[in-house]
Structure formats: C-alpha cells, structure tokens
file run-v2.cif (mmCIF, C-alpha atoms)
data_run
#
loop_
_atom_site.label_atom_id
_atom_site.label_comp_id
_atom_site.auth_asym_id
_atom_site.auth_seq_id
_atom_site.Cartn_x
_atom_site.Cartn_y
_atom_site.Cartn_z
CA MET A 28 0.00 0.00 0.00
CA SER A 29 1.35 3.41 -0.93
CA CYS A 30 2.06 5.97 1.78
CA LYS A 31 -0.78 8.44 2.32
CA ILE A 32 -0.11 12.16 1.87
CA LYS A 33 -1.53 14.82 4.19
CA ILE A 34 -0.95 18.47 3.30
CA CYS A 35 -1.33 20.67 6.36
CA CYS A 36 -1.76 24.40 7.06
CA ILE A 37 -4.26 24.81 4.20
CA SER A 38 -5.32 28.46 4.34
CA SER A 39 -7.65 29.02 1.38
CA HIS A 40 -9.98 27.37 -1.09
CA GLU A 41 -7.27 27.77 -3.73
CA GLU A 42 -4.69 25.91 -1.64
CA ALA A 43 -7.19 23.14 -0.93
CA ARG A 44 -7.95 22.69 -4.63
CA MET A 45 -4.23 22.71 -5.52
CA ALA A 46 -3.39 20.06 -2.92
CA ILE A 47 -6.26 17.83 -4.03
CA ARG A 48 -5.37 18.25 -7.70
CA LEU A 49 -1.75 17.27 -7.08
CA GLY A 50 -2.62 14.12 -5.17
CA ALA A 51 -3.22 14.81 -1.47
CA ASP A 52 -5.16 12.17 0.45
CA ALA A 53 -5.93 14.50 3.36
CA LEU A 54 -5.89 18.22 4.13
CA GLY A 55 -5.07 19.77 7.49
CA LEU A 56 -6.84 22.93 8.67
CA VAL A 57 -5.25 24.61 11.68
CA GLY A 58 -7.35 26.17 14.40
CA ARG A 59 -6.13 28.57 17.08
CA MET A 60 -2.66 27.64 18.36
CA PRO A 61 -0.28 29.06 20.98
CA SER A 62 2.41 29.35 18.29
CA GLY A 63 3.38 28.18 14.82
CA PRO A 64 2.20 28.68 11.24
CA GLY A 65 -1.13 28.24 9.58
CA PRO A 66 -3.99 29.03 12.01
CA ILE A 67 -7.15 30.30 10.35
CA ASP A 68 -10.59 31.27 11.65
CA ASP A 69 -13.09 28.51 12.31
CA GLU A 70 -15.49 30.11 9.81
CA LEU A 71 -12.89 29.78 7.06
CA ILE A 72 -12.12 26.21 8.10
CA ALA A 73 -15.82 25.33 7.77
CA SER A 74 -15.97 27.02 4.38
CA ILE A 75 -12.95 25.14 3.05
CA THR A 76 -14.26 21.86 4.49
CA ARG A 77 -17.31 22.16 2.24
CA ILE A 78 -15.15 21.68 -0.88
CA ILE A 79 -13.27 18.64 0.50
CA HIS A 80 -15.13 15.51 -0.56
CA PRO A 81 -14.50 11.79 -0.02
CA PRO A 82 -12.16 10.05 -0.42
CA ILE A 83 -10.15 13.12 0.70
CA SER A 84 -10.09 13.51 4.49
CA SER A 85 -10.42 16.87 6.25
CA PHE A 86 -8.43 17.23 9.49
CA LEU A 87 -9.15 19.91 12.09
CA LEU A 88 -6.04 20.64 14.15
CA THR A 89 -7.21 21.67 17.60
CA SER A 90 -5.15 22.73 20.60
CA GLU A 91 -8.11 22.31 22.94
CA GLN A 92 -7.40 19.93 25.80
CA SER A 93 -10.90 19.22 27.09
CA SER A 94 -13.28 16.83 25.35
CA THR A 95 -16.10 19.38 25.67
CA GLU A 96 -14.13 22.09 23.88
CA ILE A 97 -12.85 19.67 21.24
CA ILE A 98 -16.43 18.65 20.47
CA ARG A 99 -17.46 22.29 20.18
CA HIS A 100 -14.51 23.02 17.91
CA VAL A 101 -15.36 20.14 15.56
CA ASN A 102 -18.98 21.24 15.46
CA ARG A 103 -17.83 24.68 14.27
CA ALA A 104 -15.43 23.27 11.68
CA HIS A 105 -17.42 20.33 10.24
CA THR A 106 -14.33 18.25 9.39
CA ASN A 107 -14.45 14.45 9.30
CA THR A 108 -11.28 14.03 11.37
CA VAL A 109 -9.97 15.78 14.48
CA GLN A 110 -6.23 16.00 15.13
CA ILE A 111 -5.62 16.65 18.82
CA VAL A 112 -2.23 18.34 18.98
CA ASP A 113 -1.84 18.45 22.76
CA GLU A 114 -2.55 16.08 25.61
CA LEU A 115 -6.20 15.44 26.49
CA THR A 116 -6.40 16.61 30.11
CA GLU A 117 -10.15 16.90 30.75
CA GLY A 118 -12.81 14.43 29.70
CA SER A 119 -12.09 11.41 27.51
CA TYR A 120 -11.82 10.13 23.97
CA THR A 121 -15.04 8.20 24.71
CA ASP A 122 -16.82 11.51 25.31
CA ILE A 123 -15.69 12.70 21.87
CA ARG A 124 -16.81 9.47 20.17
CA SER A 125 -20.20 9.54 21.89
CA ALA A 126 -20.88 13.12 20.76
CA LEU A 127 -19.30 12.77 17.32
CA PRO A 128 -19.65 9.13 16.21
CA HIS A 129 -18.74 9.97 12.61
CA ILE A 130 -15.40 11.58 13.53
CA LYS A 131 -11.98 9.94 13.25
CA ILE A 132 -9.68 10.83 16.14
CA VAL A 133 -5.96 11.36 15.55
CA GLN A 134 -3.72 12.02 18.55
CA VAL A 135 -0.42 13.83 18.04
CA ILE A 136 2.62 12.42 19.81
CA HIS A 137 5.50 14.90 20.00
CA VAL A 138 8.61 12.75 19.71
CA THR A 139 11.02 14.05 22.35
CA GLY A 140 12.57 10.74 23.43
CA ASP A 141 11.86 7.08 24.09
CA GLU A 142 9.09 8.09 26.51
CA SER A 143 7.05 9.01 23.43
CA ILE A 144 6.66 5.29 22.68
CA GLU A 145 5.06 4.72 26.08
CA GLN A 146 2.74 7.65 25.49
CA ALA A 147 1.67 6.17 22.16
CA LEU A 148 1.08 2.73 23.63
CA HIS A 149 -1.05 4.29 26.37
CA VAL A 150 -3.47 6.04 23.99
CA GLN A 151 -3.45 3.84 20.88
CA ASP A 152 -6.54 1.81 21.77
CA GLN A 153 -8.60 4.97 22.21
CA VAL A 154 -7.86 6.65 18.88
CA ASP A 155 -8.03 5.87 15.17
CA ALA A 156 -4.49 6.95 14.34
CA LEU A 157 -1.40 8.66 15.73
CA LEU A 158 0.63 11.48 14.23
CA LEU A 159 4.29 11.93 15.16
CA ASP A 160 5.57 15.50 15.21
CA SER A 161 8.50 17.57 16.49
CA GLY A 162 6.82 19.98 18.88
CA ASN A 163 7.41 20.64 22.56
CA PRO A 164 4.19 20.89 24.61
CA LYS A 165 6.24 21.59 27.76
CA ALA A 166 7.97 24.72 26.42
CA ALA A 167 7.17 28.10 27.98
CA VAL A 168 5.33 28.89 24.76
CA LYS A 169 4.10 25.53 23.51
CA THR A 170 5.12 24.41 20.02
CA LEU A 171 2.49 21.97 18.81
CA GLY A 172 3.52 21.49 15.17
CA GLY A 173 4.69 23.36 12.11
CA THR A 174 8.23 23.64 13.46
CA GLY A 175 9.98 22.60 10.25
CA ASN A 176 12.28 20.44 12.42
CA THR A 177 12.85 16.71 12.14
CA HIS A 178 12.97 14.45 15.18
CA ASN A 179 14.64 11.11 15.89
CA TRP A 180 13.34 8.77 13.21
CA ARG A 181 14.82 5.77 15.05
CA ILE A 182 12.34 6.40 17.86
CA SER A 183 9.53 6.98 15.37
CA GLY A 184 10.31 3.73 13.56
CA GLU A 185 10.30 1.77 16.81
CA LEU A 186 7.00 3.38 17.78
CA VAL A 187 5.45 2.38 14.45
CA ARG A 188 6.59 -1.22 15.01
CA GLN A 189 5.06 -1.38 18.49
CA VAL A 190 1.63 0.20 17.97
CA ASN A 191 -1.34 -1.36 16.18
CA VAL A 192 -2.94 1.75 14.67
CA PRO A 193 -1.97 3.79 11.59
CA VAL A 194 0.79 6.35 12.16
CA PHE A 195 1.41 9.58 10.24
CA LEU A 196 4.92 11.06 10.25
CA ALA A 197 5.37 14.85 10.36
CA GLY A 198 8.16 17.22 11.31
CA GLY A 199 10.71 18.74 8.97
CA LEU A 200 9.77 16.72 5.90
CA ASN A 201 10.48 18.07 2.41
CA PRO A 202 10.82 16.72 -1.14
CA GLY A 203 14.49 15.93 -0.51
CA ASN A 204 14.20 13.84 2.66
CA VAL A 205 10.74 12.27 2.55
CA GLN A 206 11.87 9.04 0.87
CA GLU A 207 14.56 8.51 3.51
CA ALA A 208 11.99 9.24 6.22
CA ILE A 209 9.49 6.73 4.84
CA GLN A 210 12.16 4.05 4.51
CA ALA A 211 13.35 4.67 8.09
CA VAL A 212 9.98 4.92 9.81
CA LYS A 213 7.57 3.03 7.52
CA PRO A 214 4.57 5.21 8.43
CA TYR A 215 1.02 4.84 7.15
CA GLY A 216 1.19 8.43 5.92
CA VAL A 217 3.34 11.55 5.81
CA ASP A 218 2.27 15.05 6.79
CA ILE A 219 3.84 18.30 5.62
CA CYS A 220 3.32 22.03 6.17
CA SER A 221 6.34 24.34 5.81
CA GLY A 222 8.28 21.98 3.52
CA VAL A 223 6.00 22.72 0.56
CA ARG A 224 5.65 26.46 1.14
CA SER A 225 7.45 29.57 -0.09
CA ASN A 226 6.89 32.87 1.73
CA GLY A 227 4.06 31.21 3.64
CA LYS A 228 2.15 30.18 0.52
CA LEU A 229 1.66 26.69 -0.86
CA ASP A 230 4.26 26.27 -3.61
CA VAL A 231 3.01 24.23 -6.56
CA GLN A 232 6.51 23.11 -7.59
CA LYS A 233 7.53 22.00 -4.09
CA LEU A 234 4.19 20.29 -3.57
CA ASP A 235 4.42 18.46 -6.88
CA ALA A 236 7.99 17.35 -6.09
CA PHE A 237 6.92 16.10 -2.66
CA VAL A 238 3.98 14.11 -4.00
CA ARG A 239 6.11 12.61 -6.78
CA ALA A 240 8.81 11.62 -4.28
CA VAL A 241 6.29 9.83 -2.07
CA LYS A 242 4.45 8.10 -4.89
CA SER A 243 7.63 6.94 -6.64
CA LEU A 244 8.62 4.72 -3.71
#
call {"tool": "encode", "arguments": {"input": "run-v2.cif", "output": "structure tokens"}}
result
Amino acid sequence: MSCKIKICCISSHEEARMAIRLGADALGLVGRMPSGPGPIDDELIASITRIIHPPISSFLLTSEQSSTEIIRHVNRAHTNTVQIVDELTEGSYTDIRSALPHIKIVQVIHVTGDESIEQALHVQDQVDALLLDSGNPKAAVKTLGGTGNTHNWRISGELVRQVNVPVFLAGGLNPGNVQEAIQAVKPYGVDICSGVRSNGKLDVQKLDAFVRAVKSL
C-alpha cells in the first residue's frame, strides 16, 4: 500500500484545490494555536471543508485539551477528522466518540525521546491513528507542530513497530528527505506544512515534487 499524503496548514480554497489536484489524500486545517504557522478562523475552516469531498479527508487541528471544547470546535469546523495536537487533560476520547460518532480521532505524539513510545502505547486503543511530530508541549510557549524540524526517526520507527494503529509522520519533511523518512519509519502516511511552502504560501513546484517523491517509492 502506498504511503498516504496529508498536506497541512491549508489556508484558502485555492490551496485546498491545488493540494487535491496534485494528489493529497488528506488536508489539514489549523485552528487557534499558541504558536506556529497556519492558524485560520473557524469560519474559514468550515468554508474550506465544504469543498473537500471523499475520499479526501479533512483534518481539524485543535489545541483544545478538554473533550467538551474539542467537540465544540469540531462542530464549528465540520471536518471528518480531528487532530488533537496536545494532551487530552479533561474528559475522555469516549466523550468525543459519543458526541461525534462519525469523527476519526488522531492524537499527536511529540517525539522528544523514548518516553514518546510509552505515550503512544497508552493512547493507541482509544484513537483511530497517531501522528508523530516535532513539537514541545512543555515549552514556555508551547510548540504543537509546524516547526519545520525533524525528530529522531529511530524512535519513530520503533513506535510504528510497536503500535497497532496507523501512524502519520510529520516534522521537517520536504521533497528531498521524505523518501529517507518513509524508509526509516515506515509510516502509514506523511504530513507536511512548511516543507512545501514559499513565503508562507503553498508552492506548486515543491508540492508536486513532494507528492512525486512519495508516490515513486
């Protein structure tokens, strides 16, 4: 099975159409964040979601940490997937599933060391997929994605081997290193934001090169 491609930080209808045309399997729409690139208003997220049709998945990136607020955020955005970029500290994944039975839940694991494997094993049975990124939720100003930095792919590869749910790999990917990353980690999918952008805008040449690199493996 070929590696899935998720293009994140989509900021307009035009970017969504470009990503779909060039072969994206999923689009990421970033809600309010403490830092990092790509956040857009919930109204715009909902508007863009309306032009994303199956089999393309629409991911809402939420920094909310309570199940109640995550449910409210999804209800404003109308995506079919929610990507929880921080730790769930109030409520449960079961609460989210009960309120939103149609939603796929993806939990982000920020790979900071071998402890990230334990974190993934702890939550895997409660979510539909995991996404490995290079943020630091414990920083004074949290970084929850979009860093443009890679992390330790050895740890990511071991995590993929140990869990039993699909895993997306993010963090510092670009057209030049994505094949090496896929071969090292063997993820279900890859996720990219800054690596296919120029001056903050989705770059058609970089995006095309990235998609070709992934699909040629």
call {"tool": "atom_distance", "arguments": {"input": "run-v2.cif", "atom1": "atom CA of A:Met60", "atom2": "atom CA of A:Ser183"}}
result
24.2 Å
call {"tool": "atom_distance", "arguments": {"input": "run-v2.cif", "atom1": "atom CA of A:Leu115", "atom2": "atom CA of A:Val135"}}
result
10.4 Å
call {"tool": "residues_around", "arguments": {"input": "run-v2.cif", "residues": "A:Val205", "least_positions_apart": "4", "cutoff": "9 Å", "atoms": "only C-alpha atoms", "output": "MDAnalysis selection string"}}
result
chainID A and resid 200:201 209:210 217 237 240:241
call {"tool": "closest_residue", "arguments": {"input": "run-v2.cif", "among": "A:Ile97, A:Leu87, A:Ala53, A:Cys36", "to": "A:Asp69", "atoms": "only C-alpha atoms"}}
result
A:Leu87
call {"tool": "atom_distance", "arguments": {"input": "run-v2.cif", "atom1": "atom CA of A:Ser90", "atom2": "atom CA of A:Ala211"}}
result
28.7 Å
call {"tool": "resolve_selection", "arguments": {"input": "run-v2.cif", "expression": "the PyMOL selection byres ((chain A and resi 151) around 12)", "output": "PyMOL selection string"}}
result
chain A and resi 120+132-136+143-150+152-158+186-187+189-194
call {"tool": "write_last_selection", "arguments": {"input": "run-v2.cif", "atoms": "C-alpha atoms", "output": "PDB file, in the coordinates of the input"}}
result
ATOM      1  CA  TYR A 120     -11.820  10.130  23.970  1.00  0.00           C
ATOM      2  CA  ILE A 132      -9.680  10.830  16.140  1.00  0.00           C
ATOM      3  CA  VAL A 133      -5.960  11.360  15.550  1.00  0.00           C
ATOM      4  CA  GLN A 134      -3.720  12.020  18.550  1.00  0.00           C
ATOM      5  CA  VAL A 135      -0.420  13.830  18.040  1.00  0.00           C
ATOM      6  CA  ILE A 136       2.620  12.420  19.810  1.00  0.00           C
ATOM      7  CA  SER A 143       7.050   9.010  23.430  1.00  0.00           C
ATOM      8  CA  ILE A 144       6.660   5.290  22.680  1.00  0.00           C
ATOM      9  CA  GLU A 145       5.060   4.720  26.080  1.00  0.00           C
ATOM     10  CA  GLN A 146       2.740   7.650  25.490  1.00  0.00           C
ATOM     11  CA  ALA A 147       1.670   6.170  22.160  1.00  0.00           C
ATOM     12  CA  LEU A 148       1.080   2.730  23.630  1.00  0.00           C
ATOM     13  CA  HIS A 149      -1.050   4.290  26.370  1.00  0.00           C
ATOM     14  CA  VAL A 150      -3.470   6.040  23.990  1.00  0.00           C
ATOM     15  CA  ASP A 152      -6.540   1.810  21.770  1.00  0.00           C
ATOM     16  CA  GLN A 153      -8.600   4.970  22.210  1.00  0.00           C
ATOM     17  CA  VAL A 154      -7.860   6.650  18.880  1.00  0.00           C
ATOM     18  CA  ASP A 155      -8.030   5.870  15.170  1.00  0.00           C
ATOM     19  CA  ALA A 156      -4.490   6.950  14.340  1.00  0.00           C
ATOM     20  CA  LEU A 157      -1.400   8.660  15.730  1.00  0.00           C
ATOM     21  CA  LEU A 158       0.630  11.480  14.230  1.00  0.00           C
ATOM     22  CA  LEU A 186       7.000   3.380  17.780  1.00  0.00           C
ATOM     23  CA  VAL A 187       5.450   2.380  14.450  1.00  0.00           C
ATOM     24  CA  GLN A 189       5.060  -1.380  18.490  1.00  0.00           C
ATOM     25  CA  VAL A 190       1.630   0.200  17.970  1.00  0.00           C
ATOM     26  CA  ASN A 191      -1.340  -1.360  16.180  1.00  0.00           C
ATOM     27  CA  VAL A 192      -2.940   1.750  14.670  1.00  0.00           C
ATOM     28  CA  PRO A 193      -1.970   3.790  11.590  1.00  0.00           C
ATOM     29  CA  VAL A 194       0.790   6.350  12.160  1.00  0.00           C
TER      30      VAL A 194
END
call {"tool": "closest_residue", "arguments": {"input": "run-v2.cif", "among": "A:Cys30, A:Cys35, A:Ile72, A:Ala236", "to": "A:Gly58", "atoms": "only C-alpha atoms"}}
result
A:Ile72
call {"tool": "resolve_selection", "arguments": {"input": "run-v2.cif", "expression": "the PyMOL selection byres ((chain A and resi 160) around 6)", "output": "CSV table (one decimal) with C-alpha atoms, keeping the file's coordinate frame"}}
result
chain,number,residue,atom,x,y,z
A,137,HIS,CA,5.5,14.9,20.0
A,159,LEU,CA,4.3,11.9,15.2
A,161,SER,CA,8.5,17.6,16.5
A,162,GLY,CA,6.8,20.0,18.9
A,197,ALA,CA,5.4,14.8,10.4
A,198,GLY,CA,8.2,17.2,11.3
call {"tool": "residues_near_point", "arguments": {"input": "run-v2.cif", "point": "(-11.2, 21.0, 23.0)", "cutoff": "12 Å", "atoms": "all atoms listed in the file", "output": "ChimeraX atom specification"}}
result
/A:58-60,87-103,109-120,122-123
call {"tool": "resolve_selection", "arguments": {"input": "run-v2.cif", "expression": "the PyMOL selection byres ((chain A and resi 40) around 12)", "output": "VMD selection string"}}
result
chain A and resid 36 to 39 41 to 47 54 56 71 to 79 229
call {"tool": "closest_residue", "arguments": {"input": "run-v2.cif", "among": "A:Ser221, A:Gly227, A:Gln232, A:Arg181", "to": "A:Ala208", "atoms": "all atoms listed in the file"}}
result
A:Arg181
call {"tool": "closest_residue", "arguments": {"input": "run-v2.cif", "among": "A:Asp52, A:Glu142, A:Glu185, A:Asp68", "to": "A:Val212", "atoms": "all atoms listed in the file"}}
result
A:Glu185
call {"tool": "closest_residue", "arguments": {"input": "run-v2.cif", "among": "A:Cys220, A:Tyr215, A:Ile32, A:Asp141", "to": "A:Pro66", "atoms": "only C-alpha atoms"}}
result
A:Cys220
call {"tool": "axis_aligned_box", "arguments": {"input": "run-v2.cif", "around": "stretch 106-110 of chain A", "padding_each_side": "8 Å", "output": "JSON"}}
result
{"center_x": -10.3, "center_y": 16.1, "center_z": 12.2, "size_x": 24.2, "size_y": 20.2, "size_z": 21.8}
call {"tool": "closest_residue", "arguments": {"input": "run-v2.cif", "among": "A:Ile130, A:Ala104, A:Ile83, A:Ala51", "to": "A:Glu70", "atoms": "all atoms listed in the file"}}
result
A:Ala104
